[in-house]
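Source file protein.pdb; content: PDB, C-alpha atoms, pLDDT in the B column.
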ATOM      1  CA  MET A 175     182.016 227.211 -61.639  1.00 64.00           C
ATOM      2  CA  VAL A 176     180.058 227.880 -58.450  1.00 58.00           C
ATOM      3  CA  GLN A 177     181.929 226.302 -55.536  1.00 57.00           C
ATOM      4  CA  LEU A 178     179.932 223.807 -53.472  1.00 58.00           C
ATOM      5  CA  GLY A 179     178.709 225.376 -50.270  1.00 64.00           C
ATOM      6  CA  THR A 180     178.948 228.898 -51.721  1.00 72.00           C
ATOM      7  CA  PRO A 181     175.603 230.700 -51.758  1.00 83.00           C
ATOM      8  CA  LEU A 182     174.246 231.150 -55.259  1.00 93.00           C
ATOM      9  CA  HIS A 183     174.303 234.792 -56.323  1.00 94.00           C
ATOM     10  CA  LEU A 184     173.093 236.924 -59.217  1.00 96.00           C
ATOM     11  CA  ASN A 185     176.554 237.236 -60.784  1.00 96.00           C
ATOM     12  CA  ALA A 186     176.758 233.444 -61.145  1.00 96.00           C
ATOM     13  CA  ILE A 187     173.362 233.423 -62.880  1.00 98.00           C
ATOM     14  CA  ARG A 188     174.416 236.253 -65.200  1.00 97.00           C
ATOM     15  CA  ALA A 189     177.661 234.398 -66.029  1.00 98.00           C
ATOM     16  CA  ALA A 190     175.628 231.252 -66.727  1.00 98.00           C
ATOM     17  CA  HIS A 191     173.382 233.238 -69.062  1.00 98.00           C
ATOM     18  CA  ASP A 192     176.387 234.528 -71.009  1.00 98.00           C
ATOM     19  CA  ARG A 193     177.828 230.981 -71.181  1.00 98.00           C
ATOM     20  CA  ILE A 194     174.709 229.189 -72.397  1.00 98.00           C
ATOM     21  CA  ARG A 195     173.169 231.883 -74.618  1.00 98.00           C
ATOM     22  CA  PRO A 196     174.539 230.353 -77.870  1.00 98.00           C
ATOM     23  CA  HIS A 197     173.100 226.942 -76.968  1.00 98.00           C
ATOM     24  CA  ILE A 198     169.557 227.704 -75.793  1.00 98.00           C
ATOM     25  CA  HIS A 199     166.455 229.535 -76.941  1.00 98.00           C
ATOM     26  CA  ARG A 200     165.416 232.807 -75.387  1.00 98.00           C
ATOM     27  CA  THR A 201     161.879 231.583 -74.811  1.00 98.00           C
ATOM     28  CA  PRO A 202     158.898 233.898 -75.189  1.00 98.00           C
ATOM     29  CA  VAL A 203     156.835 235.439 -72.414  1.00 98.00           C
ATOM     30  CA  LEU A 204     153.187 235.053 -73.389  1.00 98.00           C
ATOM     31  CA  THR A 205     149.918 236.330 -71.950  1.00 97.00           C
ATOM     32  CA  SER A 206     146.307 235.202 -72.022  1.00 97.00           C
ATOM     33  CA  SER A 207     143.447 237.689 -72.000  1.00 97.00           C
ATOM     34  CA  ARG A 208     141.063 234.977 -70.793  1.00 98.00           C
ATOM     35  CA  LEU A 209     143.301 234.050 -67.830  1.00 97.00           C
ATOM     36  CA  ASN A 210     143.866 237.730 -67.044  1.00 97.00           C
ATOM     37  CA  GLU A 211     140.098 238.276 -67.006  1.00 97.00           C
ATOM     38  CA  THR A 212     139.459 235.189 -64.881  1.00 97.00           C
ATOM     39  CA  SER A 213     142.211 235.987 -62.361  1.00 96.00           C
ATOM     40  CA  GLY A 214     141.739 239.751 -62.239  1.00 97.00           C
ATOM     41  CA  ALA A 215     145.478 240.175 -62.785  1.00 96.00           C
ATOM     42  CA  SER A 216     147.966 240.546 -65.617  1.00 97.00           C
ATOM     43  CA  LEU A 217     149.677 237.165 -65.924  1.00 97.00           C
ATOM     44  CA  PHE A 218     152.919 236.513 -67.795  1.00 98.00           C
ATOM     45  CA  PHE A 219     154.063 232.999 -68.690  1.00 98.00           C
ATOM     46  CA  LYS A 220     157.716 232.157 -69.375  1.00 98.00           C
ATOM     47  CA  CYS A 221     157.215 229.439 -71.985  1.00 98.00           C
ATOM     48  CA  GLU A 222     160.040 227.000 -71.371  1.00 97.00           C
ATOM     49  CA  ASN A 223     158.046 224.371 -73.242  1.00 97.00           C
ATOM     50  CA  PHE A 224     159.593 226.081 -76.296  1.00 98.00           C
ATOM     51  CA  GLN A 225     163.107 225.543 -74.906  1.00 98.00           C
ATOM     52  CA  LYS A 226     165.605 223.086 -76.424  1.00 97.00           C
ATOM     53  CA  ILE A 227     164.481 219.538 -75.457  1.00 97.00           C
ATOM     54  CA  GLY A 228     161.113 221.088 -74.496  1.00 96.00           C
ATOM     55  CA  ALA A 229     162.058 221.961 -70.915  1.00 97.00           C
ATOM     56  CA  PHE A 230     163.985 224.436 -68.744  1.00 97.00           C
ATOM     57  CA  LYS A 231     166.373 221.599 -67.870  1.00 98.00           C
ATOM     58  CA  ALA A 232     168.404 222.491 -70.978  1.00 98.00           C
ATOM     59  CA  ARG A 233     169.573 225.656 -69.212  1.00 98.00           C
ATOM     60  CA  GLY A 234     171.053 224.056 -66.096  1.00 98.00           C
ATOM     61  CA  ALA A 235     172.575 221.035 -67.796  1.00 98.00           C
ATOM     62  CA  THR A 236     174.205 223.195 -70.469  1.00 98.00           C
ATOM     63  CA  ASN A 237     175.705 225.534 -67.887  1.00 98.00           C
ATOM     64  CA  ALA A 238     177.020 222.646 -65.779  1.00 98.00           C
ATOM     65  CA  VAL A 239     178.669 220.986 -68.798  1.00 98.00           C
ATOM     66  CA  PHE A 240     180.215 224.129 -70.252  1.00 98.00           C
ATOM     67  CA  VAL A 241     181.623 225.319 -66.917  1.00 98.00           C
ATOM     68  CA  LEU A 242     183.709 222.125 -66.520  1.00 98.00           C
ATOM     69  CA  ASP A 243     187.457 222.450 -67.003  1.00 98.00           C
ATOM     70  CA  ASP A 244     188.854 220.545 -69.993  1.00 98.00           C
ATOM     71  CA  ALA A 245     190.383 217.695 -67.955  1.00 98.00           C
ATOM     72  CA  SER A 246     187.098 217.002 -66.134  1.00 98.00           C
ATOM     73  CA  ALA A 247     185.055 217.368 -69.300  1.00 98.00           C
ATOM     74  CA  LYS A 248     187.230 214.836 -71.130  1.00 98.00           C
ATOM     75  CA  ARG A 249     186.219 212.164 -68.568  1.00 98.00           C
ATOM     76  CA  GLY A 250     182.568 212.914 -69.272  1.00 98.00           C
ATOM     77  CA  VAL A 251     179.477 213.456 -67.200  1.00 98.00           C
ATOM     78  CA  VAL A 252     177.002 211.211 -65.442  1.00 98.00           C
ATOM     79  CA  THR A 253     173.580 211.695 -63.922  1.00 98.00           C
ATOM     80  CA  HIS A 254     170.412 209.878 -63.004  1.00 97.00           C
ATOM     81  CA  SER A 255     167.126 210.888 -64.573  1.00 96.00           C
ATOM     82  CA  SER A 256     163.887 209.418 -65.786  1.00 92.00           C
ATOM     83  CA  GLY A 257     163.616 212.026 -68.519  1.00 90.00           C
ATOM     84  CA  ASN A 258     164.229 215.715 -69.068  1.00 96.00           C
ATOM     85  CA  HIS A 259     167.479 216.221 -67.132  1.00 97.00           C
ATOM     86  CA  GLY A 260     168.997 213.144 -68.756  1.00 98.00           C
ATOM     87  CA  THR A 261     168.009 214.404 -72.187  1.00 98.00           C
ATOM     88  CA  ALA A 262     169.336 217.892 -71.413  1.00 98.00           C
ATOM     89  CA  LEU A 263     172.648 216.517 -70.137  1.00 98.00           C
ATOM     90  CA  ALA A 264     173.013 214.214 -73.140  1.00 98.00           C
ATOM     91  CA  ARG A 265     172.421 217.184 -75.457  1.00 98.00           C
ATOM     92  CA  ALA A 266     174.873 219.447 -73.620  1.00 98.00           C
ATOM     93  CA  ALA A 267     177.548 216.730 -73.632  1.00 98.00           C
ATOM     94  CA  LYS A 268     177.044 216.197 -77.367  1.00 98.00           C
ATOM     95  CA  LEU A 269     177.464 219.946 -77.934  1.00 98.00           C
ATOM     96  CA  ARG A 270     180.745 219.873 -76.002  1.00 98.00           C
ATOM     97  CA  LYS A 271     181.739 216.563 -77.640  1.00 98.00           C
ATOM     98  CA  ILE A 272     182.231 214.683 -74.369  1.00 98.00           C
ATOM     99  CA  PRO A 273     180.820 211.364 -73.118  1.00 98.00           C
ATOM    100  CA  ALA A 274     177.539 211.283 -71.218  1.00 98.00           C
ATOM    101  CA  ARG A 275     176.280 208.380 -69.138  1.00 98.00           C
ATOM    102  CA  ILE A 276     172.656 208.555 -68.017  1.00 98.00           C
ATOM    103  CA  VAL A 277     171.267 206.233 -65.353  1.00 98.00           C
ATOM    104  CA  MET A 278     167.573 205.661 -66.018  1.00 98.00           C
ATOM    105  CA  PRO A 279     165.014 203.542 -64.171  1.00 97.00           C
ATOM    106  CA  LYS A 280     163.932 200.443 -66.086  1.00 97.00           C
ATOM    107  CA  ASN A 281     160.368 201.778 -66.164  1.00 97.00           C
ATOM    108  CA  SER A 282     161.265 205.075 -67.869  1.00 97.00           C
ATOM    109  CA  ALA A 283     158.941 206.131 -70.681  1.00 96.00           C
ATOM    110  CA  GLN A 284     160.252 204.951 -74.037  1.00 97.00           C
ATOM    111  CA  VAL A 285     159.936 208.424 -75.526  1.00 97.00           C
ATOM    112  CA  LYS A 286     162.359 209.674 -72.830  1.00 96.00           C
ATOM    113  CA  VAL A 287     164.764 206.784 -73.439  1.00 97.00           C
ATOM    114  CA  ARG A 288     164.759 207.490 -77.191  1.00 97.00           C
ATOM    115  CA  ALA A 289     165.387 211.194 -76.553  1.00 97.00           C
ATOM    116  CA  VAL A 290     168.488 210.422 -74.453  1.00 98.00           C
ATOM    117  CA  GLU A 291     169.693 207.880 -77.028  1.00 97.00           C
ATOM    118  CA  GLY A 292     169.096 210.416 -79.801  1.00 97.00           C
ATOM    119  CA  TYR A 293     171.812 212.637 -78.339  1.00 98.00           C
ATOM    120  CA  GLY A 294     174.276 209.745 -78.227  1.00 97.00           C
ATOM    121  CA  ALA A 295     174.423 209.190 -74.474  1.00 98.00           C
ATOM    122  CA  ASN A 296     175.172 205.805 -72.949  1.00 97.00           C
ATOM    123  CA  ILE A 297     172.178 204.653 -70.876  1.00 98.00           C
ATOM    124  CA  VAL A 298     172.541 202.399 -67.847  1.00 98.00           C
ATOM    125  CA  PHE A 299     169.222 201.033 -66.601  1.00 98.00           C
ATOM    126  CA  CYS A 300     168.545 200.424 -62.917  1.00 97.00           C
ATOM    127  CA  GLU A 301     165.696 199.595 -60.575  1.00 97.00           C
ATOM    128  CA  ALA A 302     163.212 202.401 -60.016  1.00 96.00           C
ATOM    129  CA  THR A 303     164.503 203.476 -56.603  1.00 96.00           C
ATOM    130  CA  GLN A 304     166.578 206.432 -55.496  1.00 95.00           C
ATOM    131  CA  GLU A 305     169.117 204.074 -53.921  1.00 97.00           C
ATOM    132  CA  ALA A 306     169.568 202.170 -57.202  1.00 97.00           C
ATOM    133  CA  ARG A 307     170.012 205.408 -59.145  1.00 97.00           C
ATOM    134  CA  GLU A 308     172.648 206.718 -56.752  1.00 96.00           C
ATOM    135  CA  ALA A 309     174.499 203.399 -56.621  1.00 98.00           C
ATOM    136  CA  ALA A 310     174.631 203.158 -60.420  1.00 98.00           C
ATOM    137  CA  CYS A 311     175.939 206.742 -60.676  1.00 97.00           C
ATOM    138  CA  ALA A 312     178.576 206.058 -58.021  1.00 98.00           C
ATOM    139  CA  ALA A 313     179.755 202.950 -59.890  1.00 98.00           C
ATOM    140  CA  LEU A 314     180.001 204.854 -63.188  1.00 98.00           C
ATOM    141  CA  MET A 315     181.926 207.672 -61.528  1.00 98.00           C
ATOM    142  CA  ALA A 316     184.342 205.193 -59.969  1.00 98.00           C
ATOM    143  CA  ASP A 317     184.851 203.382 -63.290  1.00 97.00           C
ATOM    144  CA  THR A 318     185.221 206.410 -65.546  1.00 97.00           C
ATOM    145  CA  GLY A 319     186.106 209.443 -63.433  1.00 98.00           C
ATOM    146  CA  ALA A 320     183.033 211.181 -64.891  1.00 98.00           C
ATOM    147  CA  THR A 321     181.621 214.227 -63.115  1.00 98.00           C
ATOM    148  CA  LEU A 322     178.187 213.888 -61.516  1.00 98.00           C
ATOM    149  CA  ILE A 323     175.778 216.552 -62.744  1.00 98.00           C
ATOM    150  CA  HIS A 324     172.924 216.123 -60.282  1.00 97.00           C
ATOM    151  CA  PRO A 325     169.495 217.098 -61.626  1.00 95.00           C
ATOM    152  CA  PHE A 326     169.000 219.797 -58.972  1.00 94.00           C
ATOM    153  CA  GLU A 327     171.544 219.573 -56.131  1.00 93.00           C
ATOM    154  CA  ASN A 328     174.217 221.330 -58.168  1.00 96.00           C
ATOM    155  CA  GLU A 329     174.911 225.055 -57.972  1.00 96.00           C
ATOM    156  CA  ASP A 330     175.836 225.291 -61.668  1.00 97.00           C
ATOM    157  CA  VAL A 331     172.531 223.653 -62.591  1.00 98.00           C
ATOM    158  CA  MET A 332     170.699 226.095 -60.298  1.00 97.00           C
ATOM    159  CA  ALA A 333     172.522 229.056 -61.876  1.00 98.00           C
ATOM    160  CA  GLY A 334     171.546 227.838 -65.346  1.00 98.00           C
ATOM    161  CA  GLN A 335     167.908 227.393 -64.344  1.00 98.00           C
ATOM    162  CA  GLY A 336     167.914 230.927 -62.898  1.00 98.00           C
ATOM    163  CA  THR A 337     168.550 232.332 -66.374  1.00 98.00           C
ATOM    164  CA  ALA A 338     164.865 231.783 -67.203  1.00 98.00           C
ATOM    165  CA  ALA A 339     163.940 234.212 -64.430  1.00 98.00           C
ATOM    166  CA  ILE A 340     166.533 236.745 -65.636  1.00 97.00           C
ATOM    167  CA  GLU A 341     164.882 236.717 -69.060  1.00 98.00           C
ATOM    168  CA  LEU A 342     161.374 236.917 -67.584  1.00 98.00           C
ATOM    169  CA  LEU A 343     162.294 239.949 -65.488  1.00 97.00           C
ATOM    170  CA  GLU A 344     163.865 241.637 -68.519  1.00 96.00           C
ATOM    171  CA  ASP A 345     160.745 241.050 -70.619  1.00 97.00           C
ATOM    172  CA  ALA A 346     157.937 241.768 -68.135  1.00 96.00           C
ATOM    173  CA  GLU A 347     157.345 243.955 -65.104  1.00 94.00           C
ATOM    174  CA  VAL A 348     155.981 241.722 -62.350  1.00 95.00           C
ATOM    175  CA  ASP A 349     155.052 242.028 -58.686  1.00 95.00           C
ATOM    176  CA  LEU A 350     155.109 238.305 -57.941  1.00 95.00           C
ATOM    177  CA  VAL A 351     156.947 235.343 -59.461  1.00 96.00           C
ATOM    178  CA  MET A 352     155.442 231.868 -59.145  1.00 95.00           C
ATOM    179  CA  CYS A 353     157.614 228.851 -59.901  1.00 95.00           C
ATOM    180  CA  PRO A 354     156.895 225.113 -60.029  1.00 92.00           C
ATOM    181  CA  ILE A 355     158.944 222.876 -57.772  1.00 92.00           C
ATOM    182  CA  GLY A 356     160.181 219.333 -58.191  1.00 90.00           C
ATOM    183  CA  GLY A 357     163.724 218.964 -56.922  1.00 91.00           C
ATOM    184  CA  GLY A 358     164.149 222.681 -56.318  1.00 93.00           C
ATOM    185  CA  GLY A 359     166.876 223.682 -58.796  1.00 94.00           C
ATOM    186  CA  LEU A 360     164.585 225.921 -60.848  1.00 96.00           C
ATOM    187  CA  LEU A 361     163.054 227.395 -57.700  1.00 96.00           C
ATOM    188  CA  CYS A 362     166.478 228.167 -56.210  1.00 96.00           C
ATOM    189  CA  GLY A 363     167.743 229.897 -59.352  1.00 96.00           C
ATOM    190  CA  THR A 364     164.462 231.757 -59.780  1.00 97.00           C
ATOM    191  CA  ALA A 365     164.368 232.927 -56.160  1.00 96.00           C
ATOM    192  CA  VAL A 366     167.931 234.237 -56.250  1.00 96.00           C
ATOM    193  CA  ALA A 367     167.389 236.009 -59.574  1.00 95.00           C
ATOM    194  CA  ALA A 368     164.057 237.550 -58.529  1.00 94.00           C
ATOM    195  CA  LYS A 369     165.240 238.650 -55.086  1.00 93.00           C
ATOM    196  CA  SER A 370     168.470 240.103 -56.495  1.00 89.00           C
ATOM    197  CA  LYS A 371     166.695 242.109 -59.202  1.00 78.00           C
TER     198      LYS A 371
END

Could you show the structure in this file as structure tokens?
Amino acid sequence: MVQLGTPLHLNAIRAAHDRIRPHIHRTPVLTSSRLNETSGASLFFKCENFQKIGAFKARGATNAVFVLDDASAKRGVVTHSSGNHGTALARAAKLRKIPARIVMPKNSAQVKVRAVEGYGANIVFCEATQEAREAACAALMADTGATLIHPFENEDVMAGQGTAAIELLEDAEVDLVMCPIGGGGLLCGTAVAAKSK
């Protein structure tokens, strides 16, 4: 487990990769001759759309769940998500056979709700505001003792997300790594992995 406030480092990402390897796909790195021609560069795409649950979120959630000590894991995990992180956490909790409680906004897409339900998680609906999400998570944590696995402000999640960059850098020689950003967990893990390698 990466201690809060400790800078993320390559060894934590490598340990995460070892931990989650049995539970994720090693996704392919693909190329496109048309995009190479258009851009004037050789482009490599790490295809996390082929990952479990269809997103890189499976990496971070799986690492965060499997790094928990047994006593914490037994109390379960909780998060807030309108989709992919909630699904990834529900899947990881099912793999470890622990309870998962996912706070979702009332206006979440039904396909995302069904995906979370499909992994057996308990969904708590809330208003579609950040304050409502956080309040619902806090109440669940107080009631159950569950561990919060934040979608991106969690060093174990960041370490898990960084495993995608480790694989990319093993499979392709690159001069520049570009990464999408939402909350920043994937970007943090990617930046640490790329800079360290």

inquiry  = What's around A:Ile227 at 8 Å? Count all atoms listed in the file, leave out sequence neighbours fewer than 4 positions away in its own chain, and write the answer as a list in words.
reply    = Ala232, Asn258, Thr261 and Ala262 of chain A

key: All residues 12 Å or closer to A:Ala289, all atoms listed in the file, same chain fewer than 2 positions away omitted, as number ranges by chain   = A: 226-228, 256-265, 276, 282-287, 291-297

Dump as a CSV table (one decimal), in the frame of the given file, selection limited to C-alpha atoms:
chain,number,residue,atom,x,y,z
A,226,LYS,CA,165.6,223.1,-76.4
A,227,ILE,CA,164.5,219.5,-75.5
A,228,GLY,CA,161.1,221.1,-74.5
A,256,SER,CA,163.9,209.4,-65.8
A,257,GLY,CA,163.6,212.0,-68.5
A,258,ASN,CA,164.2,215.7,-69.1
A,259,HIS,CA,167.5,216.2,-67.1
A,260,GLY,CA,169.0,213.1,-68.8
A,261,THR,CA,168.0,214.4,-72.2
A,262,ALA,CA,169.3,217.9,-71.4
A,263,LEU,CA,172.6,216.5,-70.1
A,264,ALA,CA,173.0,214.2,-73.1
A,265,ARG,CA,172.4,217.2,-75.5
A,276,ILE,CA,172.7,208.6,-68.0
A,282,SER,CA,161.3,205.1,-67.9
A,283,ALA,CA,158.9,206.1,-70.7
A,284,GLN,CA,160.3,205.0,-74.0
A,285,VAL,CA,159.9,208.4,-75.5
A,286,LYS,CA,162.4,209.7,-72.8
A,287,VAL,CA,164.8,206.8,-73.4
A,291,GLU,CA,169.7,207.9,-77.0
A,292,GLY,CA,169.1,210.4,-79.8
A,293,TYR,CA,171.8,212.6,-78.3
A,294,GLY,CA,174.3,209.7,-78.2
A,295,ALA,CA,174.4,209.2,-74.5
A,296,ASN,CA,175.2,205.8,-72.9
A,297,ILE,CA,172.2,204.7,-70.9

ask   = If the PyMOL selection byres ((chain A and resi 318) around 10) is run on the structure shown, which residues does it catch, given as a VMD selection string?
value = chain A and resid 249 to 252 275 313 to 317 319 to 321

key: Separation of atom CA of A:Thr337 from atom CA of A:His199 in Å   = 11.1 Å

Can I get the residues of stretch 231-346 of chain A within 8 Å of stretch 182-196 of chain A, each with the closest pair of atoms and their distance in Å to one decimal, using only C-alpha atoms, sorted chain first then ascending number, as a tab-separated table?
residue	atom	partner	partner_atom	distance
A:Arg233	CA	A:Ile194	CA	7.0
A:Thr236	CA	A:Ile194	CA	6.3
A:Asn237	CA	A:Ala190	CA	5.8
A:Phe240	CA	A:Arg193	CA	7.3
A:Glu329	CA	A:Leu182	CA	6.7
A:Asp330	CA	A:Ala190	CA	7.8
A:Met332	CA	A:Leu182	CA	8.0
A:Ala333	CA	A:Ile187	CA	4.6
A:Gly334	CA	A:Ala190	CA	5.5
A:Gly336	CA	A:Ile187	CA	6.0
A:Thr337	CA	A:His191	CA	5.6
A:Ile340	CA	A:Arg188	CA	7.9

message = Restricting the calculation to only C-alpha atoms: of A:Arg208, A:Ala247, A:Gly357, A:Thr364, which residue gets closest to A:Glu341?
response = A:Thr364

request  = May I ask which of the residues A:Val239, A:Leu322, A:Val331, A:Val351 is the closest one to A:Gly363, counting all atoms listed in the file?
outcome  =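 Looking at the shortest contact to A:Gly363, the residue is A:Val331.
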
message = Nearest residue to A:Lys248 out of A:Arg288, A:Arg200, A:Arg270, A:His324, using all atoms listed in the file?
response =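 Of all the options, A:Arg270 lies closest to A:Lys248.
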
key: Interatomic distance, atom CA of A:Pro325 to atom CA of A:Val277 (Å, one decimal)   =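 These two atoms are separated by 11.6 Å.
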
message = When you count only C-alpha atoms, which of these residues is closest to A:Cys221: A:Cys311, A:Ala365, A:Met278, A:Leu342?
response =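 Checking each candidate against A:Cys221, we get A:Leu342 as the closest.
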
Residue nearest A:Ala309 - candidates A:Thr201, A:Asn223, A:Ser246, A:Thr253, atoms counted: all atoms listed in the file =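 So, comparing all the options, the nearest one is A:Thr253.
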
note = A straight line from atom CA of A:Leu204 to atom CA of A:Lys220 spans 6.7 Å

message = For this structure, which residues satisfy the selection - the PyMOL selection byres ((chain A and resi 300) around 7) - when it is evaluated on the file as given? I want them as an NGL selection string.
response = :A and (277-280 or 298-299 or 301-302 or 306-307)

task = Within 9 Å of A:Val348, counting all atoms listed in the file, which residues show up once you throw out same-chain ones fewer than 4 positions away? Write them as a list of chain:residue names, please.
result =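 Counting all atoms listed in the file, the residues come to A:Ser216, A:Leu217, A:Phe218, A:Leu342, A:Leu343.
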